[in-house]
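Report on the structure given below.
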Amino acid sequence: MEKLKMIVIAMLITVILPFAVFAGGSVDVDESATVSIEFWHAMSGARVDLIQGIVDKFMAENPNIKVDVQYTGSYNDTLNKVKSAYKAGNAPDVFHSYEIGTLGLINSGIISPLDEIAKKFKRKIPWDDFFTPVQSYYKYQGEHYSMPFNSSTPLIFYNKTFFKKAGLDVDNPPKTYEDIRAAAVKLKAAGYENPVTWNLHSWYFEQMICLQDEPFVNDKNGRSGKLPTEVVFNGEAGQNVLNWWIGMEKDGLFLDVGPGWSNHRAAFGSGEVAIVMSSSSDVNRLTAALEEKGWGMGTGYIPRPEGAKGGVAIGGGSLWMTNNHTSEEELAALKLITYISEDESQIAWHKGTGYFPVRKTAMDQLKSEGWFDENPNYLTAFNQLLDSPETLNTSGGLLGIFPEARELIQSAIQEMYTGKPVKQALDEAAAKANASIAEWNEVIQ
Amino acid sequence: MKQSTFDNKYLPYILLIPTFFILVVFLFYPAIETFRLSFFKIHPWTGAEKFAGFYNFVKIFTNRDYLRSFILSAFFALIVIAAGLFLSLLIALLLNQKIKGMRFYRSLLIWPYALSPAIAGALFNFLFNPANGVLCYFTGFRTWLTNGNTAIIVVIIAAVWKNLGYNIIFYLTSLRNVPGAALESASIDGAGSVKKFIYITFAFLSPTTFFLFVMNTIYAYFASFGLIDVLTEGGPSGSTKILIYYLYKDFFVHSKIGYAAAESLVLFSLVVGVTALQFRTAGKKVHYQ
């Protein structure tokens, strides 16, 4: 019986669909039809169960939709799996990508833009309810291509107990390059050998360029509608960041812990260092690590040169829909990602991980619950984001070869540690990036 | 003893079908595809192809980073093979003595081979990572993995250590097969233990050494990926980025499919070339019983 129903529906769709499309862009679909969709994400550990929990609730509310959720490895692994699956004709309906994959995906030819799908089914996504920095990152040429999901920014974390011992103001974290350096000098004098660290990651460098309200790439930071042709991270803003960063390393104030996300956390947790920069989604983890030792932890905005007027750009990831699916599946996918962005899911997600909720109403609810009185460090991250002006630069740069650019920058920073002048290393990295951009732009069209 | 035979002419081929099926699907087809793709520019998402002739090869061989990786790989392989074979022969000789509890020592020494490269990498990371590495603490030297000169040393040590067990097993087995009579008669002729080792034991070990040479070449070029990924991610500044890691980055991270295909063809020819060279030179001197 069920099968017969499906066949009838399928036949109806094949007959009606072409007319519906030609009739003016909106489609009639049977919303109660049974569909099953696939959702691939890149969140490991306890986050796997958390996402499954959110999806289970969604399925309970939409009994006709079955969602197969899979953790498919890192962002990079997930994207590679999506690529292969797409070529084989069985791409997931919804997948998760990091923010820096945005321009690549927009031009990939394998996705359906979110706003377009929403329009097709006459569903309005309340973009005004999303935090501006969050939705402006994922907006390209006035269109939203994907649904913001896990959002974070970098923060400064500091050990209050060590600050006190070094005679520093515990409630007033360092705000500028000079502040961090001065604090580091005092901490070193108090016996903390290499008081500052963060992992070797280009993300901090990118964010500190945003803080100076400068772009990362040309063509309006990659947002002009044309594909950007050149990186500009080797300009004065980029040099400012690294002159300060490398200068601290040279003077023995900064500990180089290499790439990856575990070493700097370990160094902070064991009391090896007193100041780290890390993702705001580390608040839970680092608070717990310091509590275990009986130390207090504070958080602050990431540092900027004196007087810089920019802000942070959002990091994290968003949810994308692939094309080549039936209307029923598209609608189900749309419902799923909308559900994940709604308050209930986002609050559960925030509490379980430390990533921001993406919507203002979710934030208001958390505030009225008194959540931030208990967890003041989360508020730092929010305020830092809300204090950021909205410009093309703080929306975040878009670049097709972003993952490669990151590697080039990280490699350049390691060269600077061994003595190469900042400007020279950055110029060389930029030249390599530009060569890759030219190739990418040619292949992608 | 009478050997049983099959009269059916087709049976052998039928029995070979499963093997051939696996070989074609997982080996021949991908190899031919790689060869073909190395002459194309390929869209990173849809896989759309554009013929490009030798573009990819010209590009990679005019790229200084790639050439550096090429030389680094040769250096890496050389040291890993030389140190690996030398140490494992030494240990195998020691293990061939009659000492109490030898079985226990033997299992301990062969153990590393049972670890996956990623686990071996994690162990070395535990020892050498700059935040809280155990050996960083004891040596008072922090930058084992963040200094280019020492990072490659750590990776080499890890790679040699990881493969020791494999080499030891083979050496130990062939040491067992060195005929006692030959050693005994040499002693009677007045040969010392060094001479006995060089002229008799090592002569008997030469087929094994040759085999291990080939296997270790393949290991050094292909199998050390996991170690590097966990320990250094190819850094600092590319100082541990050997060809296989370069290839991984170009394909899986940068989505440069054409380059990656060309690079894997280069890597393939290189290992085949080195192996063929070994067969032509060293292979001729090998003494098979």
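Chain lettering (A, B, ...) mirrors the order of the structure tokens, residue numbering begins at 1 for each chain separately, and ligand numbering begins at 1 in order of display.
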List every residue of chain A that has an atom at most 8 Å from any atom of chain B, giving for each one its closest atom pair and the distance in Å to one decimal, counting only C-alpha atoms, sorted by chain and then by ascending residue number, as a tab-separated table.
residue	atom	partner	partner_atom	distance
A:Asn76	CA	B:Val253	CA	6.6
A:Asp77	CA	B:Phe252	CA	7.8
A:Asn80	CA	B:Phe252	CA	6.8
A:Lys83	CA	B:Trp45	CA	5.8
A:Tyr86	CA	B:Thr46	CA	7.7
A:Lys87	CA	B:Thr46	CA	6.6
A:Ser108	CA	B:Trp45	CA	5.5
A:Gly109	CA	B:Thr46	CA	7.0
A:Ile110	CA	B:Thr46	CA	7.1
A:Asp256	CA	B:Thr146	CA	7.1
A:Val257	CA	B:Pro130	CA	5.3
A:Gly258	CA	B:Thr146	CA	5.9
A:Pro259	CA	B:Thr232	CA	7.6
A:Asn263	CA	B:Ala131	CA	5.4
A:His264	CA	B:Ala131	CA	6.7
A:Ala266	CA	B:Ala131	CA	6.5
A:Ala267	CA	B:Ala131	CA	5.1
A:Glu272	CA	B:Ala131	CA	7.6
A:Ile401	CA	B:His254	CA	7.1
A:Pro403	CA	B:His254	CA	6.7
A:Glu404	CA	B:His254	CA	5.8
A:Gln410	CA	B:Ser237	CA	7.7
A:Ser411	CA	B:Ser237	CA	4.4
A:Ala412	CA	B:Ser237	CA	6.8
A:Gln414	CA	B:Ser237	CA	5.6
A:Glu415	CA	B:Ser237	CA	6.0
A:Val443	CA	B:His43	CA	5.6
A:Ile444	CA	B:His43	CA	5.8
Please produce an output containing C-alpha atoms for each residue in the selection, written as a PDB file, in the first residue's frame.
ATOM      1  CA  ASN A  76      38.535  18.227   4.714  1.00  0.00           C
ATOM      2  CA  ASP A  77      37.682  14.518   4.760  1.00  0.00           C
ATOM      3  CA  ASN A  80      36.539  14.864  -0.184  1.00  0.00           C
ATOM      4  CA  LYS A  83      33.229  15.087  -3.996  1.00  0.00           C
ATOM      5  CA  TYR A  86      28.804  13.419  -6.037  1.00  0.00           C
ATOM      6  CA  LYS A  87      30.765  11.985  -8.942  1.00  0.00           C
ATOM      7  CA  SER A 108      31.552  24.095  -7.352  1.00  0.00           C
ATOM      8  CA  GLY A 109      28.489  23.387  -9.448  1.00  0.00           C
ATOM      9  CA  ILE A 110      27.361  20.698  -7.017  1.00  0.00           C
ATOM     10  CA  ASP A 256      56.151  27.772  19.453  1.00  0.00           C
ATOM     11  CA  VAL A 257      54.037  24.639  19.943  1.00  0.00           C
ATOM     12  CA  GLY A 258      53.624  23.783  16.280  1.00  0.00           C
ATOM     13  CA  PRO A 259      50.398  23.049  14.385  1.00  0.00           C
ATOM     14  CA  ASN A 263      49.585  21.307  22.189  1.00  0.00           C
ATOM     15  CA  HIS A 264      48.612  24.823  23.138  1.00  0.00           C
ATOM     16  CA  ALA A 266      48.007  21.168  26.974  1.00  0.00           C
ATOM     17  CA  ALA A 267      50.544  23.913  27.634  1.00  0.00           C
ATOM     18  CA  GLU A 272      53.354  25.961  31.171  1.00  0.00           C
ATOM     19  CA  ILE A 401      42.192  28.187  -2.539  1.00  0.00           C
ATOM     20  CA  PRO A 403      43.048  25.899   2.513  1.00  0.00           C
ATOM     21  CA  GLU A 404      46.239  26.207   0.481  1.00  0.00           C
ATOM     22  CA  GLN A 410      51.770  28.756   8.244  1.00  0.00           C
ATOM     23  CA  SER A 411      54.856  27.660   6.406  1.00  0.00           C
ATOM     24  CA  ALA A 412      55.934  31.302   6.062  1.00  0.00           C
ATOM     25  CA  GLN A 414      57.760  28.886  10.488  1.00  0.00           C
ATOM     26  CA  GLU A 415      60.349  30.420   8.179  1.00  0.00           C
ATOM     27  CA  VAL A 443      39.978  25.403 -13.904  1.00  0.00           C
ATOM     28  CA  ILE A 444      36.821  26.325 -12.025  1.00  0.00           C
TER      29      ILE A 444
END
Might you pull out every residue within 12 Å of Leu90 of chain B, with only C-alpha atoms counted and same-chain residues fewer than 2 positions away left off, and present them as an mmCIF file with C-alpha atoms, in the first residue's frame?
data_model
loop_
_atom_site.group_PDB
_atom_site.id
_atom_site.type_symbol
_atom_site.label_atom_id
_atom_site.label_comp_id
_atom_site.auth_asym_id
_atom_site.auth_seq_id
_atom_site.Cartn_x
_atom_site.Cartn_y
_atom_site.Cartn_z
ATOM 1 C CA ALA B 83 70.011 2.842 9.503
ATOM 2 C CA GLY B 84 67.072 0.448 9.472
ATOM 3 C CA LEU B 85 68.987 -2.441 7.951
ATOM 4 C CA PHE B 86 72.118 -1.874 9.983
ATOM 5 C CA LEU B 87 70.316 -1.690 13.321
ATOM 6 C CA SER B 88 68.021 -4.586 12.629
ATOM 7 C CA ALA B 92 69.067 -9.819 15.050
ATOM 8 C CA LEU B 93 72.634 -10.978 15.698
ATOM 9 C CA LEU B 94 72.217 -10.266 19.381
ATOM 10 C CA LEU B 95 68.859 -11.999 19.429
ATOM 11 C CA ASN B 96 70.405 -15.049 17.841
ATOM 12 C CA GLN B 97 72.435 -15.751 21.010
ATOM 13 C CA LEU B 164 62.689 -2.497 12.907
ATOM 14 C CA ASN B 167 63.524 -6.330 9.347
ATOM 15 C CA ILE B 168 64.504 -8.215 12.486
ATOM 16 C CA TYR B 171 67.178 -11.360 9.515
ATOM 17 C CA LEU B 172 66.558 -13.628 12.446
ATOM 18 C CA LEU B 175 70.430 -16.262 10.608
ATOM 19 C CA PHE B 197 80.573 -12.786 9.904
ATOM 20 C CA PHE B 202 76.689 -12.089 5.648
#
Exercise for review: Please run DSSP on the backbone and report, as number ranges by chain, all residues within segment 56-112 of chain B that come out as alpha helix (DSSP H).
Suggested key: B: 56-61, 64-95, 102-110
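Among B:Val80, B:Ile242, B:Ile198, B:Val286, the residue with the shortest atom-to-atom distance to Phe211 of chain B, counting only C-alpha atoms, is B:Val286.
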Check your understanding: Within 12 Å of Asp49 of chain A, counting only C-alpha atoms, which residues qualify if same-chain residues fewer than 4 places away don't, as a PyMOL selection string?
Key -> chain A and resi 41+43-45+53-56+69-71+348-349+352-353
Given the selection you just returned, output its residues as a file containing C-alpha atoms, formatted as an mmCIF file, in the first residue's frame.
data_model
loop_
_atom_site.group_PDB
_atom_site.id
_atom_site.type_symbol
_atom_site.label_atom_id
_atom_site.label_comp_id
_atom_site.auth_asym_id
_atom_site.auth_seq_id
_atom_site.Cartn_x
_atom_site.Cartn_y
_atom_site.Cartn_z
ATOM 1 C CA HIS A 41 28.926 16.334 9.310
ATOM 2 C CA MET A 43 32.015 17.165 14.350
ATOM 3 C CA SER A 44 33.790 14.438 16.286
ATOM 4 C CA GLY A 45 33.678 13.065 19.826
ATOM 5 C CA GLY A 53 20.133 14.122 19.427
ATOM 6 C CA ILE A 54 19.110 17.273 17.553
ATOM 7 C CA VAL A 55 18.305 15.257 14.439
ATOM 8 C CA ASP A 56 16.318 12.689 16.444
ATOM 9 C CA VAL A 69 23.314 11.218 10.018
ATOM 10 C CA GLN A 70 26.946 10.352 9.549
ATOM 11 C CA TYR A 71 30.147 11.705 10.986
ATOM 12 C CA ALA A 348 21.522 22.718 23.106
ATOM 13 C CA TRP A 349 24.437 23.010 20.698
ATOM 14 C CA GLY A 352 27.175 21.247 24.720
ATOM 15 C CA THR A 353 30.039 22.690 22.712
#
Check your understanding: Can you tell me how far atom CA of Leu37 of chain B sits from atom CA of Val24 of chain B, in Å to one decimal?
Key -> 17.5 Å
As a CSV table (one decimal) with all heavy atoms, in the first residue's frame, which residues of segment 89-315 of chain A does DSSP assign to strand (DSSP E)?
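To be explicit, this is the file written out as selection_34.csv:
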chain,number,residue,atom,x,y,z
A,94,VAL,N,22.5,16.9,2.6
A,94,VAL,CA,23.1,18.0,3.4
A,94,VAL,C,24.5,17.6,3.9
A,94,VAL,O,24.7,16.5,4.3
A,94,VAL,CB,22.2,18.2,4.7
A,94,VAL,CG1,22.8,19.3,5.5
A,94,VAL,CG2,20.8,18.6,4.3
A,95,PHE,N,25.4,18.5,3.8
A,95,PHE,CA,26.7,18.3,4.3
A,95,PHE,C,27.3,19.5,5.0
A,95,PHE,O,26.8,20.6,4.8
A,95,PHE,CB,27.7,17.8,3.3
A,95,PHE,CG,28.0,18.8,2.2
A,95,PHE,CD1,29.2,19.5,2.3
A,95,PHE,CD2,27.2,18.9,1.1
A,95,PHE,CE1,29.5,20.5,1.3
A,95,PHE,CE2,27.6,19.8,0.1
A,95,PHE,CZ,28.7,20.6,0.2
A,96,HIS,N,28.3,19.3,5.7
A,96,HIS,CA,28.9,20.3,6.6
A,96,HIS,C,30.2,20.8,6.1
A,96,HIS,O,31.0,19.9,5.7
A,96,HIS,CB,29.0,19.7,8.0
A,96,HIS,CG,29.4,20.6,9.1
A,96,HIS,ND1,29.9,20.1,10.3
A,96,HIS,CD2,29.5,21.9,9.2
A,96,HIS,CE1,30.2,21.1,11.1
A,96,HIS,NE2,29.9,22.2,10.5
A,97,SER,N,30.5,22.1,5.9
A,97,SER,CA,31.8,22.5,5.5
A,97,SER,C,32.3,23.6,6.4
A,97,SER,O,31.5,24.3,7.0
A,97,SER,CB,31.7,23.0,4.0
A,97,SER,OG,32.8,23.8,3.7
A,98,TYR,N,33.6,23.7,6.4
A,98,TYR,CA,34.2,24.9,7.1
A,98,TYR,C,33.9,26.2,6.3
A,98,TYR,O,33.6,26.2,5.1
A,98,TYR,CB,35.7,24.7,7.4
A,98,TYR,CG,36.6,24.2,6.4
A,98,TYR,CD1,36.3,24.2,5.0
A,98,TYR,CD2,37.8,23.7,6.8
A,98,TYR,CE1,37.2,23.7,4.1
A,98,TYR,CE2,38.7,23.2,5.9
A,98,TYR,CZ,38.4,23.2,4.5
A,98,TYR,OH,39.3,22.7,3.6
A,111,ILE,N,26.2,22.4,-5.7
A,111,ILE,CA,25.3,22.7,-4.5
A,111,ILE,C,24.1,23.5,-5.0
A,111,ILE,O,24.1,24.0,-6.1
A,111,ILE,CB,26.0,23.6,-3.5
A,111,ILE,CG1,26.6,24.9,-4.1
A,111,ILE,CG2,27.2,22.8,-2.8
A,111,ILE,CD1,25.9,26.1,-3.8
A,112,SER,N,23.1,23.5,-4.2
A,112,SER,CA,21.9,24.4,-4.4
A,112,SER,C,21.9,25.5,-3.4
A,112,SER,O,22.0,25.2,-2.2
A,112,SER,CB,20.6,23.6,-4.2
A,112,SER,OG,20.5,22.6,-5.2
A,139,LYS,N,26.8,35.2,3.3
A,139,LYS,CA,26.0,35.8,2.2
A,139,LYS,C,27.0,36.2,1.1
A,139,LYS,O,28.1,36.8,1.4
A,139,LYS,CB,25.3,37.1,2.8
A,139,LYS,CG,24.3,37.7,1.9
A,139,LYS,CD,23.4,38.6,2.6
A,139,LYS,CE,24.2,39.9,3.1
A,139,LYS,NZ,23.4,40.8,3.9
A,140,TYR,N,26.6,35.9,-0.1
A,140,TYR,CA,27.5,36.3,-1.3
A,140,TYR,C,26.6,36.9,-2.3
A,140,TYR,O,25.6,36.3,-2.7
A,140,TYR,CB,28.1,35.0,-1.8
A,140,TYR,CG,29.1,35.2,-2.9
A,140,TYR,CD1,30.3,35.8,-2.7
A,140,TYR,CD2,28.8,34.8,-4.2
A,140,TYR,CE1,31.2,36.0,-3.8
A,140,TYR,CE2,29.7,35.0,-5.3
A,140,TYR,CZ,30.9,35.6,-5.0
A,140,TYR,OH,31.8,35.8,-6.1
A,143,GLU,N,22.9,36.9,-1.6
A,143,GLU,CA,22.2,35.6,-1.5
A,143,GLU,C,22.9,34.8,-0.4
A,143,GLU,O,24.1,34.7,-0.3
A,143,GLU,CB,22.3,34.8,-2.8
A,143,GLU,CG,21.5,35.3,-4.0
A,143,GLU,CD,20.2,34.7,-4.0
A,143,GLU,OE1,20.0,33.5,-3.9
A,143,GLU,OE2,19.2,35.5,-4.2
A,144,HIS,N,22.1,34.0,0.3
A,144,HIS,CA,22.7,33.1,1.3
A,144,HIS,C,22.8,31.7,0.6
A,144,HIS,O,21.8,31.2,0.1
A,144,HIS,CB,21.8,33.0,2.5
A,144,HIS,CG,21.8,34.2,3.3
A,144,HIS,ND1,20.8,35.2,3.1
A,144,HIS,CD2,22.6,34.7,4.3
A,144,HIS,CE1,21.0,36.2,3.9
A,144,HIS,NE2,22.1,35.9,4.7
A,147,MET,N,23.5,27.4,5.3
A,147,MET,CA,22.9,27.7,6.6
A,147,MET,C,24.0,27.8,7.7
A,147,MET,O,24.7,26.8,7.9
A,147,MET,CB,21.9,26.7,7.0
A,147,MET,CG,21.2,26.9,8.3
A,147,MET,SD,20.2,28.5,8.3
A,147,MET,CE,18.6,27.8,7.7
A,148,PRO,N,24.2,28.9,8.3
A,148,PRO,CA,25.2,29.0,9.4
A,148,PRO,C,24.9,28.0,10.5
A,148,PRO,O,23.8,27.8,10.8
A,148,PRO,CB,25.0,30.4,10.0
A,148,PRO,CG,24.3,31.2,8.9
A,148,PRO,CD,23.5,30.2,8.1
A,149,PHE,N,25.9,27.3,10.9
A,149,PHE,CA,25.7,26.2,11.9
A,149,PHE,C,26.6,26.5,13.1
A,149,PHE,O,26.2,27.2,14.1
A,149,PHE,CB,25.9,24.9,11.3
A,149,PHE,CG,25.9,23.7,12.3
A,149,PHE,CD1,25.0,23.7,13.4
A,149,PHE,CD2,26.7,22.6,12.1
A,149,PHE,CE1,25.0,22.7,14.3
A,149,PHE,CE2,26.7,21.6,13.0
A,149,PHE,CZ,25.8,21.6,14.1
A,150,ASN,N,27.8,26.0,13.1
A,150,ASN,CA,28.7,26.1,14.3
A,150,ASN,C,29.5,27.3,14.1
A,150,ASN,O,30.3,27.4,13.1
A,150,ASN,CB,29.5,24.8,14.5
A,150,ASN,CG,30.3,24.5,13.2
A,150,ASN,OD1,29.8,24.6,12.1
A,150,ASN,ND2,31.5,24.0,13.4
A,151,SER,N,29.4,28.3,15.0
A,151,SER,CA,30.1,29.5,14.8
A,151,SER,C,31.0,29.8,16.0
A,151,SER,O,30.6,29.7,17.1
A,151,SER,CB,29.1,30.7,14.6
A,151,SER,OG,28.4,30.4,13.4
A,152,SER,N,32.2,30.3,15.7
A,152,SER,CA,33.1,30.6,16.8
A,152,SER,C,34.0,31.8,16.3
A,152,SER,O,34.1,32.1,15.2
A,152,SER,CB,34.0,29.4,17.1
A,152,SER,OG,34.7,29.0,16.0
A,154,PRO,N,38.1,33.5,17.7
A,154,PRO,CA,39.2,33.3,18.6
A,154,PRO,C,39.1,34.2,19.8
A,154,PRO,O,38.4,35.3,19.7
A,154,PRO,CB,40.5,33.6,17.8
A,154,PRO,CG,40.0,34.4,16.7
A,154,PRO,CD,38.6,34.3,16.5
A,155,LEU,N,39.6,33.8,20.9
A,155,LEU,CA,39.6,34.6,22.2
A,155,LEU,C,41.0,34.4,22.8
A,155,LEU,O,41.7,33.5,22.5
A,155,LEU,CB,38.6,33.9,23.2
A,155,LEU,CG,37.1,34.3,23.1
A,155,LEU,CD1,36.5,33.6,24.3
A,155,LEU,CD2,36.9,35.8,23.2
A,156,ILE,N,41.2,35.4,23.7
A,156,ILE,CA,42.4,35.3,24.6
A,156,ILE,C,42.0,34.6,25.9
A,156,ILE,O,41.0,35.0,26.4
A,156,ILE,CB,43.0,36.7,24.9
A,156,ILE,CG1,43.7,37.3,23.7
A,156,ILE,CG2,43.9,36.7,26.1
A,156,ILE,CD1,45.1,36.7,23.4
A,157,PHE,N,42.7,33.6,26.3
A,157,PHE,CA,42.4,33.0,27.6
A,157,PHE,C,43.6,33.2,28.5
A,157,PHE,O,44.8,33.1,28.0
A,157,PHE,CB,42.3,31.4,27.4
A,157,PHE,CG,41.1,31.0,26.5
A,157,PHE,CD1,41.2,31.1,25.1
A,157,PHE,CD2,39.9,30.6,27.0
A,157,PHE,CE1,40.2,30.7,24.3
A,157,PHE,CE2,38.9,30.2,26.2
A,157,PHE,CZ,39.0,30.2,24.8
A,158,TYR,N,43.4,33.6,29.7
A,158,TYR,CA,44.5,33.8,30.6
A,158,TYR,C,44.3,33.2,31.9
A,158,TYR,O,43.2,33.1,32.4
A,158,TYR,CB,44.9,35.3,30.7
A,158,TYR,CG,43.8,36.2,31.3
A,158,TYR,CD1,43.9,36.6,32.6
A,158,TYR,CD2,42.7,36.6,30.5
A,158,TYR,CE1,42.9,37.4,33.1
A,158,TYR,CE2,41.7,37.4,31.1
A,158,TYR,CZ,41.8,37.8,32.4
A,158,TYR,OH,40.9,38.6,32.9
A,159,ASN,N,45.4,32.9,32.6
A,159,ASN,CA,45.4,32.2,33.9
A,159,ASN,C,45.4,33.3,35.0
A,159,ASN,O,46.4,34.0,35.2
A,159,ASN,CB,46.7,31.3,34.0
A,159,ASN,CG,46.7,30.5,35.2
A,159,ASN,OD1,46.3,30.9,36.3
A,159,ASN,ND2,47.1,29.2,35.0
A,196,VAL,N,53.4,33.0,26.7
A,196,VAL,CA,52.4,33.2,25.8
A,196,VAL,C,52.5,32.1,24.7
A,196,VAL,O,53.6,31.7,24.3
A,196,VAL,CB,52.5,34.5,25.0
A,196,VAL,CG1,51.3,34.7,24.1
A,196,VAL,CG2,52.6,35.7,26.0
A,197,THR,N,51.4,31.5,24.3
A,197,THR,CA,51.4,30.7,23.1
A,197,THR,C,50.1,30.6,22.4
A,197,THR,O,49.1,30.9,23.0
A,197,THR,CB,51.9,29.2,23.5
A,197,THR,OG1,52.2,28.5,22.2
A,197,THR,CG2,50.8,28.4,24.2
A,275,ILE,N,49.1,32.7,29.0
A,275,ILE,CA,48.1,33.4,28.0
A,275,ILE,C,48.1,32.5,26.8
A,275,ILE,O,49.2,32.2,26.2
A,275,ILE,CB,48.6,34.8,27.6
A,275,ILE,CG1,48.8,35.7,28.9
A,275,ILE,CG2,47.7,35.4,26.6
A,275,ILE,CD1,49.4,37.1,28.5
A,276,VAL,N,46.9,32.1,26.3
A,276,VAL,CA,46.8,31.5,25.0
A,276,VAL,C,45.7,32.1,24.2
A,276,VAL,O,44.8,32.8,24.7
A,276,VAL,CB,46.5,30.0,25.0
A,276,VAL,CG1,47.6,29.1,25.6
A,276,VAL,CG2,45.2,29.7,25.8
A,277,MET,N,45.9,32.0,22.9
A,277,MET,CA,44.8,32.4,22.0
A,277,MET,C,44.2,31.0,21.5
A,277,MET,O,44.9,30.1,21.2
A,277,MET,CB,45.3,33.2,20.9
A,277,MET,CG,44.1,33.8,20.1
A,277,MET,SD,44.5,35.4,19.2
A,277,MET,CE,46.2,35.3,18.8
A,278,SER,N,42.9,30.9,21.5
A,278,SER,CA,42.3,29.7,21.0
A,278,SER,C,40.8,30.0,20.5
A,278,SER,O,40.4,31.1,20.6
A,278,SER,CB,42.3,28.6,22.0
A,278,SER,OG,42.1,27.3,21.4
A,279,SER,N,40.1,29.0,20.1
A,279,SER,CA,38.8,29.2,19.6
A,279,SER,C,37.8,29.4,20.8
A,279,SER,O,38.0,28.8,21.9
A,279,SER,CB,38.3,28.0,18.8
A,279,SER,OG,36.9,28.0,18.6
A,297,MET,N,40.3,31.2,35.5
A,297,MET,CA,40.6,31.5,34.1
A,297,MET,C,39.8,32.7,33.7
A,297,MET,O,38.6,32.8,34.0
A,297,MET,CB,40.2,30.3,33.2
A,297,MET,CG,40.7,30.6,31.8
A,297,MET,SD,40.1,29.4,30.6
A,297,MET,CE,38.4,30.0,30.4
A,298,GLY,N,40.4,33.6,32.9
A,298,GLY,CA,39.7,34.7,32.4
A,298,GLY,C,39.8,34.7,30.9
A,298,GLY,O,40.6,34.0,30.3
A,299,THR,N,38.9,35.5,30.2
A,299,THR,CA,39.0,35.6,28.8
A,299,THR,C,38.9,37.0,28.3
A,299,THR,O,38.4,37.9,29.0
A,299,THR,CB,37.8,34.9,28.1
A,299,THR,OG1,36.6,35.3,28.8
A,299,THR,CG2,37.9,33.4,28.1
A,300,GLY,N,39.5,37.3,27.2
A,300,GLY,CA,39.5,38.7,26.7
A,300,GLY,C,39.4,38.7,25.2
A,300,GLY,O,39.5,37.6,24.5
A,315,GLY,N,34.1,32.3,12.5
A,315,GLY,CA,34.8,31.1,12.0
A,315,GLY,C,33.8,30.0,12.2
A,315,GLY,O,32.7,30.2,12.8
Can you pull out every residue within 12 Å of Trp245 of chain A, counting only C-alpha atoms, but drop anything in the same chain fewer than 3 positions away, and send it as a PDB file with C-alpha atoms, in the first residue's frame?
ATOM      1  CA  TYR A 177      49.768  44.102  21.083  1.00  0.00           C
ATOM      2  CA  GLU A 178      51.675  46.256  23.540  1.00  0.00           C
ATOM      3  CA  ILE A 180      50.125  41.408  25.652  1.00  0.00           C
ATOM      4  CA  ARG A 181      53.816  42.015  25.341  1.00  0.00           C
ATOM      5  CA  VAL A 196      52.378  33.156  25.762  1.00  0.00           C
ATOM      6  CA  THR A 197      51.433  30.656  23.103  1.00  0.00           C
ATOM      7  CA  TRP A 198      48.911  29.659  20.480  1.00  0.00           C
ATOM      8  CA  ASN A 199      49.017  26.955  17.902  1.00  0.00           C
ATOM      9  CA  LEU A 200      50.501  27.573  14.489  1.00  0.00           C
ATOM     10  CA  TYR A 204      44.599  33.976  14.084  1.00  0.00           C
ATOM     11  CA  PHE A 205      46.557  35.842  11.449  1.00  0.00           C
ATOM     12  CA  MET A 208      44.027  39.956  13.295  1.00  0.00           C
ATOM     13  CA  GLY A 238      49.608  41.372   7.824  1.00  0.00           C
ATOM     14  CA  GLN A 239      53.115  42.577   8.538  1.00  0.00           C
ATOM     15  CA  ASN A 240      51.934  44.342  11.711  1.00  0.00           C
ATOM     16  CA  VAL A 241      50.506  41.114  13.037  1.00  0.00           C
ATOM     17  CA  LEU A 242      53.596  39.085  12.354  1.00  0.00           C
ATOM     18  CA  MET A 248      57.571  37.885  20.935  1.00  0.00           C
ATOM     19  CA  GLU A 249      58.901  34.537  19.794  1.00  0.00           C
ATOM     20  CA  LYS A 250      62.353  35.991  19.164  1.00  0.00           C
ATOM     21  CA  ASP A 251      62.414  37.510  22.643  1.00  0.00           C
ATOM     22  CA  GLY A 252      61.525  34.236  24.294  1.00  0.00           C
ATOM     23  CA  LEU A 253      58.079  35.407  25.356  1.00  0.00           C
ATOM     24  CA  PHE A 254      56.195  33.114  22.997  1.00  0.00           C
ATOM     25  CA  LEU A 255      56.396  29.327  22.904  1.00  0.00           C
ATOM     26  CA  ASP A 256      56.151  27.772  19.453  1.00  0.00           C
ATOM     27  CA  MET A 277      44.751  32.367  22.006  1.00  0.00           C
ATOM     28  CA  PRO A 303      44.594  41.792  20.638  1.00  0.00           C
ATOM     29  CA  ARG A 304      44.893  44.559  18.055  1.00  0.00           C
ATOM     30  CA  PRO A 305      47.375  47.322  17.357  1.00  0.00           C
ATOM     31  CA  ILE A 413      55.495  31.853   9.787  1.00  0.00           C
ATOM     32  CA  GLN A 414      57.760  28.886  10.488  1.00  0.00           C
ATOM     33  CA  MET A 416      60.092  33.660  10.132  1.00  0.00           C
ATOM     34  CA  TYR A 417      60.787  31.752  13.344  1.00  0.00           C
ATOM     35  CA  VAL A 422      58.535  38.991   7.871  1.00  0.00           C
TER      36      VAL A 422
END
